[in-house]
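Asker: Next comes work_9.cif, mmCIF, C-alpha atoms:
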```cif
data_my_file
loop_
_atom_site.label_atom_id
_atom_site.label_comp_id
_atom_site.auth_asym_id
_atom_site.auth_seq_id
_atom_site.Cartn_x
_atom_site.Cartn_y
_atom_site.Cartn_z
CA MET R 1 252.97 182.06 -115.01
CA LYS R 2 256.65 181.71 -115.72
CA THR R 3 257.71 179.09 -113.19
CA CYS R 4 260.85 177.19 -112.24
CA VAL R 5 261.77 174.61 -109.62
CA VAL R 6 264.43 175.21 -106.95
CA ILE R 7 266.03 172.15 -105.33
CA PRO R 8 268.27 172.78 -102.30
CA THR R 9 270.45 169.77 -101.56
CA TYR R 10 272.93 168.68 -98.93
CA ASN R 11 274.42 165.18 -98.94
CA ASN R 12 271.47 163.53 -100.68
CA ALA R 13 273.44 161.91 -103.48
CA GLY R 14 271.42 158.72 -103.16
CA THR R 15 268.14 160.39 -104.15
CA LEU R 16 269.20 163.56 -106.00
CA THR R 17 269.35 162.04 -109.50
CA ASP R 18 265.87 160.54 -109.18
CA VAL R 19 264.41 163.83 -107.94
CA ILE R 20 265.99 165.88 -110.73
CA ASP R 21 264.94 163.41 -113.43
CA LYS R 22 261.34 163.33 -112.21
CA VAL R 23 261.14 167.12 -111.95
CA TYR R 24 262.63 167.34 -115.46
CA ASN R 25 259.51 165.57 -116.74
CA TYR R 26 257.50 168.67 -115.79
CA THR R 27 259.93 171.50 -116.46
CA HIS R 28 263.47 172.03 -117.70
CA ASP R 29 263.73 175.24 -115.69
CA ILE R 30 265.49 173.78 -112.64
CA ILE R 31 267.87 175.45 -110.21
CA VAL R 32 269.82 173.15 -107.88
CA VAL R 33 271.67 174.71 -104.94
CA ASN R 34 274.39 172.41 -103.65
CA ASP R 35 274.80 173.53 -100.04
CA GLY R 36 278.36 172.37 -99.43
CA SER R 37 277.74 168.64 -99.92
CA THR R 38 280.63 166.33 -99.11
CA ASP R 39 279.30 163.21 -100.90
CA GLN R 40 279.00 162.59 -104.66
CA THR R 41 276.58 165.48 -105.25
CA ILE R 42 279.05 167.61 -107.19
CA ASN R 43 279.75 164.72 -109.58
CA ILE R 44 276.05 164.09 -110.10
CA LEU R 45 275.42 167.74 -110.91
CA GLU R 46 278.25 167.69 -113.44
CA ASN R 47 276.05 165.37 -115.53
CA TYR R 48 273.35 168.06 -115.67
CA ARG R 49 275.45 171.18 -116.14
CA ASP R 50 274.24 171.78 -119.73
CA ARG R 51 270.56 171.23 -118.89
CA ILE R 52 269.88 172.94 -115.57
CA THR R 53 271.24 175.79 -113.45
CA CYS R 54 273.61 174.62 -110.70
CA ILE R 55 274.91 176.71 -107.81
CA SER R 56 277.45 175.22 -105.39
CA TYR R 57 278.92 176.39 -102.08
CA PRO R 58 282.24 175.05 -100.77
CA ASP R 59 280.83 174.97 -97.22
CA ASN R 60 277.43 174.15 -95.75
CA ARG R 61 275.41 177.32 -95.04
CA GLY R 62 272.04 175.84 -94.17
CA LYS R 63 268.76 175.22 -95.95
CA GLY R 64 267.47 178.73 -95.42
CA ALA R 65 270.54 180.21 -97.09
CA ALA R 66 270.29 177.74 -99.97
CA LEU R 67 266.62 178.57 -100.55
CA GLN R 68 267.31 182.30 -100.46
CA THR R 69 270.08 181.87 -103.04
CA GLY R 70 267.91 179.73 -105.31
CA LEU R 71 264.86 181.99 -105.16
CA ASP R 72 266.96 185.11 -105.70
CA ARG R 73 268.51 183.51 -108.79
CA ALA R 74 265.05 182.50 -110.04
CA ARG R 75 263.86 186.08 -109.70
CA GLU R 76 266.95 187.39 -111.51
CA MET R 77 266.20 184.95 -114.34
CA GLY R 78 262.74 186.45 -114.78
CA PHE R 79 260.54 183.80 -113.21
CA ASP R 80 257.24 184.80 -111.59
CA HIS R 81 256.87 181.85 -109.25
CA SER R 82 259.13 179.10 -107.99
CA VAL R 83 258.36 175.63 -106.74
CA THR R 84 260.72 174.40 -104.02
CA ILE R 85 261.17 170.69 -103.43
CA ASP R 86 263.56 168.78 -101.17
CA SER R 87 266.13 166.43 -102.65
CA ASP R 88 265.65 163.58 -100.17
CA GLY R 89 262.94 161.85 -102.24
CA GLN R 90 260.24 162.50 -99.64
CA HIS R 91 258.06 164.47 -102.03
CA PHE R 92 256.56 163.32 -105.32
CA PRO R 93 257.28 165.63 -108.30
CA GLU R 94 254.03 164.24 -109.76
CA ASP R 95 252.27 166.64 -107.38
CA ILE R 96 253.86 169.73 -108.97
CA PRO R 97 250.88 170.31 -111.35
CA ALA R 98 248.50 170.38 -108.35
CA LEU R 99 250.61 173.02 -106.62
CA LEU R 100 250.84 175.09 -109.79
CA GLU R 101 247.09 174.84 -110.33
CA ALA R 102 246.61 176.34 -106.88
CA ALA R 103 249.19 179.03 -107.67
CA GLU R 104 247.27 179.93 -110.83
CA ALA R 105 244.08 180.29 -108.79
CA TYR R 106 245.80 182.23 -105.97
CA PRO R 107 248.83 183.92 -107.56
CA GLU R 108 249.53 186.13 -104.53
CA ASP R 109 249.59 183.23 -102.05
CA ILE R 110 252.36 180.95 -100.88
CA ILE R 111 251.22 177.43 -101.74
CA LEU R 112 252.10 174.64 -99.29
CA GLY R 113 252.19 170.94 -100.10
CA ARG R 114 250.44 169.63 -97.00
CA ARG R 115 251.72 166.20 -95.94
CA GLY R 116 249.52 165.48 -92.95
CA THR R 117 250.90 164.19 -89.65
CA SER R 118 250.47 160.41 -89.82
CA HIS R 119 252.32 158.27 -92.35
CA ASP R 120 254.13 154.94 -92.50
CA ASN R 121 257.72 155.22 -91.20
CA MET R 122 257.22 158.85 -90.14
CA ALA R 123 259.58 159.53 -87.23
CA ALA R 124 257.97 160.59 -83.96
CA LYS R 125 260.32 163.59 -83.77
CA SER R 126 259.10 164.77 -87.19
CA THR R 127 255.46 164.54 -86.10
CA PHE R 128 256.23 166.47 -82.92
CA ALA R 129 258.28 169.09 -84.77
CA ASN R 130 255.47 169.73 -87.25
CA ARG R 131 252.80 170.04 -84.58
CA PHE R 132 255.09 172.22 -82.48
CA SER R 133 255.71 174.47 -85.49
CA ASN R 134 252.01 174.62 -86.40
CA PHE R 135 251.07 175.65 -82.87
CA TRP R 136 253.46 178.58 -82.70
CA PHE R 137 252.60 179.64 -86.24
CA ALA R 138 248.95 179.87 -85.18
CA VAL R 139 249.92 181.96 -82.14
CA GLN R 140 251.97 184.34 -84.27
CA THR R 141 249.59 184.69 -87.23
CA PHE R 142 246.13 183.36 -86.19
CA ARG R 143 246.30 180.92 -89.12
CA CYS R 144 246.45 177.12 -89.31
CA PRO R 145 247.67 175.97 -92.76
CA GLY R 146 248.30 172.43 -91.51
CA ASP R 147 251.97 171.86 -92.44
CA THR R 148 254.35 174.73 -91.77
CA GLN R 149 257.43 172.48 -92.07
CA THR R 150 256.87 171.24 -95.60
CA GLY R 151 259.63 171.98 -98.08
CA PHE R 152 257.29 171.45 -101.05
CA ARG R 153 255.98 174.94 -101.82
CA VAL R 154 255.30 177.58 -104.45
CA TYR R 155 256.57 181.10 -103.75
CA PRO R 156 255.37 184.20 -105.66
CA LEU R 157 258.72 185.83 -106.37
CA HIS R 158 257.49 189.42 -106.64
CA ARG R 159 257.04 189.33 -102.85
CA ARG R 160 260.76 188.50 -102.48
CA PRO R 161 260.59 185.81 -99.78
CA ARG R 162 262.93 186.71 -96.93
CA PHE R 163 264.72 184.02 -94.95
CA PHE R 164 265.89 185.61 -91.70
CA THR R 165 267.77 182.55 -90.51
CA SER R 166 269.94 180.15 -92.46
CA ARG R 167 269.04 176.77 -90.98
CA TYR R 168 266.16 174.37 -90.41
CA GLU R 169 263.82 176.94 -88.85
CA ALA R 170 264.01 179.33 -91.81
CA GLU R 171 260.98 177.88 -93.62
CA LEU R 172 258.75 178.67 -90.64
CA ALA R 173 260.06 182.21 -90.27
CA VAL R 174 259.50 183.06 -93.94
CA LEU R 175 255.84 182.03 -93.63
CA VAL R 176 255.30 184.13 -90.52
CA ASP R 177 256.90 187.17 -92.14
CA ALA R 178 254.79 186.71 -95.28
CA CYS R 179 251.58 186.56 -93.22
CA TRP R 180 252.52 189.70 -91.31
CA HIS R 181 252.83 191.47 -94.64
CA GLY R 182 249.46 190.40 -95.99
CA ALA R 183 250.32 187.26 -97.95
CA GLY R 184 247.82 184.45 -98.22
CA ILE R 185 248.66 180.83 -97.43
CA THR R 186 246.97 178.03 -99.40
CA SER R 187 247.48 174.33 -98.62
CA VAL R 188 247.25 171.51 -101.13
CA PRO R 189 247.32 167.86 -99.99
CA VAL R 190 250.28 165.95 -101.43
CA LYS R 191 251.68 162.45 -101.21
CA VAL R 192 254.78 161.78 -99.14
CA TYR R 193 257.24 158.92 -98.72
CA TYR R 194 259.22 158.22 -95.57
CA PRO R 195 261.87 155.53 -96.13
CA PRO R 196 262.64 152.92 -93.47
CA VAL R 197 264.95 154.11 -90.71
CA ASN R 198 267.97 152.24 -92.09
CA GLU R 199 267.61 154.01 -95.46
CA ARG R 200 266.83 157.47 -94.15
CA VAL R 201 269.18 160.45 -94.52
CA SER R 202 268.26 163.21 -92.09
CA HIS R 203 270.10 166.39 -91.22
CA PHE R 204 267.69 167.27 -88.42
CA ARG R 205 269.54 167.66 -85.11
CA PRO R 206 266.95 167.32 -82.31
CA ILE R 207 268.74 169.26 -79.57
CA GLN R 208 270.32 172.03 -81.64
CA ASP R 209 267.40 172.50 -84.02
CA PHE R 210 264.72 172.49 -81.32
CA ALA R 211 266.82 175.02 -79.40
CA ARG R 212 267.02 177.25 -82.46
CA ILE R 213 263.27 176.85 -83.14
CA SER R 214 262.45 177.70 -79.51
CA LEU R 215 264.64 180.79 -79.60
CA LEU R 216 263.14 181.84 -82.92
CA ASN R 217 259.59 181.41 -81.64
CA THR R 218 260.35 183.40 -78.49
CA CYS R 219 261.64 186.29 -80.58
CA MET R 220 258.78 186.09 -83.09
CA CYS R 221 256.11 186.02 -80.37
CA ILE R 222 257.54 189.26 -79.00
CA MET R 223 257.72 190.71 -82.51
CA ALA R 224 254.14 189.59 -83.18
CA VAL R 225 252.80 191.73 -80.33
CA PHE R 226 254.64 194.89 -81.35
CA TYR R 227 254.78 194.47 -85.12
CA GLY R 228 253.10 191.36 -86.53
CA TYR R 229 249.56 191.79 -85.18
CA PRO R 230 249.38 195.53 -86.01
CA SER R 231 250.77 194.85 -89.49
CA MET R 232 248.20 192.13 -90.16
CA ALA R 233 245.41 194.40 -88.93
CA TYR R 234 246.62 197.18 -91.21
CA HIS R 235 246.68 194.93 -94.27
CA LYS R 236 243.27 193.52 -93.48
CA LEU R 237 241.60 196.89 -92.84
CA PHE R 238 243.28 199.08 -95.45
CA LYS R 239 245.17 197.12 -98.10
CA LYS R 240 242.23 194.85 -98.94
CA LYS R 241 240.02 197.84 -99.64
CA LYS R 242 242.24 199.21 -102.38
#
```
Write out the structure in this file as structure tokens.
Answerer:
Amino acid sequence: MKTCVVIPTYNNAGTLTDVIDKVYNYTHDIIVVNDGSTDQTINILENYRDRITCISYPDNRGKGAALQTGLDRAREMGFDHSVTIDSDGQHFPEDIPALLEAAEAYPEDIILGRRGTSHDNMAAKSTFANRFSNFWFAVQTFRCPGDTQTGFRVYPLHRRPRFFTSRYEAELAVLVDACWHGAGITSVPVKVYYPPVNERVSHFRPIQDFARISLLNTCMCIMAVFYGYPSMAYHKLFKKKK
């Protein structure tokens, strides 16, 4: 496979350098999407401009928009698959080979880095959000991959992942849409680090983001009845036989 790594980032200047440097140990094909950061991110990326691909927005558009931009650029550059990893230092780039090994075995699947739901310093709202997301994903697709909120993934680019929303909830929606169109989901256990509360940088807004997730799930449950379930049945009954 021809693979790259896409790193969306927004105001994570404190961890961005470490993430890029560790990813660089595994591949030099890196695309960083600076989603309108207002900290020192742009200065940090200036140090890498001759080694990696950098895309910057003047204003914040949301993680979904940043991922769509990065994956579209990866596809334009001729890559077959793309790893996505957050820039907050939560994930360990050392787990990239495990994700790629799974992608080699299941090249049509979206590979998820499964974090589990119980870790030191993990915020209660993050645990709830993940379980909440997993529940509705199961309702909409009849699948339980274990961690639908993880940002550590491998996308097969020929399927052209589609992010229908631009914010926090986009990574759930893209999985649901992929399942409705016959994509497989494979989970790989990965390590995760949650810094102490006083060191944590989070852009999750409990009220606004839960409201957006609830609205999204309401719409997708309706769509599941009229489109998602029939589409999954069609792919299972007819596409698999070809």
Asker: Determine the residue membership of the PyMOL selection byres ((chain R and resi 43-56) around 6) for the file above and supply it as a ChimeraX atom specification.
Answerer: /R:30-34,40-42,57
Asker: CA of His235 (chain R) and CA of Val154 (chain R), how far apart in Å?
Answerer: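 We find that CA of Val154 (chain R) and CA of His235 (chain R) lie 21.9 Å from each other.
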Asker: Any chance you could work out the residue set of the PyMOL selection byres ((chain R and resi 157) around 9) here, as a VMD selection string?
Answerer: chain R and resid 71 to 72 74 to 75 79 to 82 155 to 156 158 to 161
Asker: In Å to one decimal, how far is CA of Phe92 (chain R) from CA of Glu171 (chain R)?
Answerer: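 Answer for the CA of Glu171 (chain R) to CA of Phe92 (chain R) separation: 19.2 Å.
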Asker: Considering only C-alpha atoms, return as a list in words whatever protein or nucleic-acid residues lie within 10 Å of Trp136 (chain R), sequence-local ones (same chain, fewer than 3 positions apart) excluded.
Answerer: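 With the cut-off at 10 Å, the set is Arg131, Phe132, Ser133, Val139, Gln140, Thr141, Phe142, Arg143, Cys144, Thr148, Leu172, Val176, Ile213, Ser214, Asn217, Thr218, Met220 and Cys221 of chain R.
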Asker: Please return as a PyMOL selection string every residue within 12 Å of (265.5, 177.0, -98.2), taking into account only C-alpha atoms and the file's own coordinates.
Answerer: chain R and resi 6-10+32-35+61-72+82-87+149-155+161-175
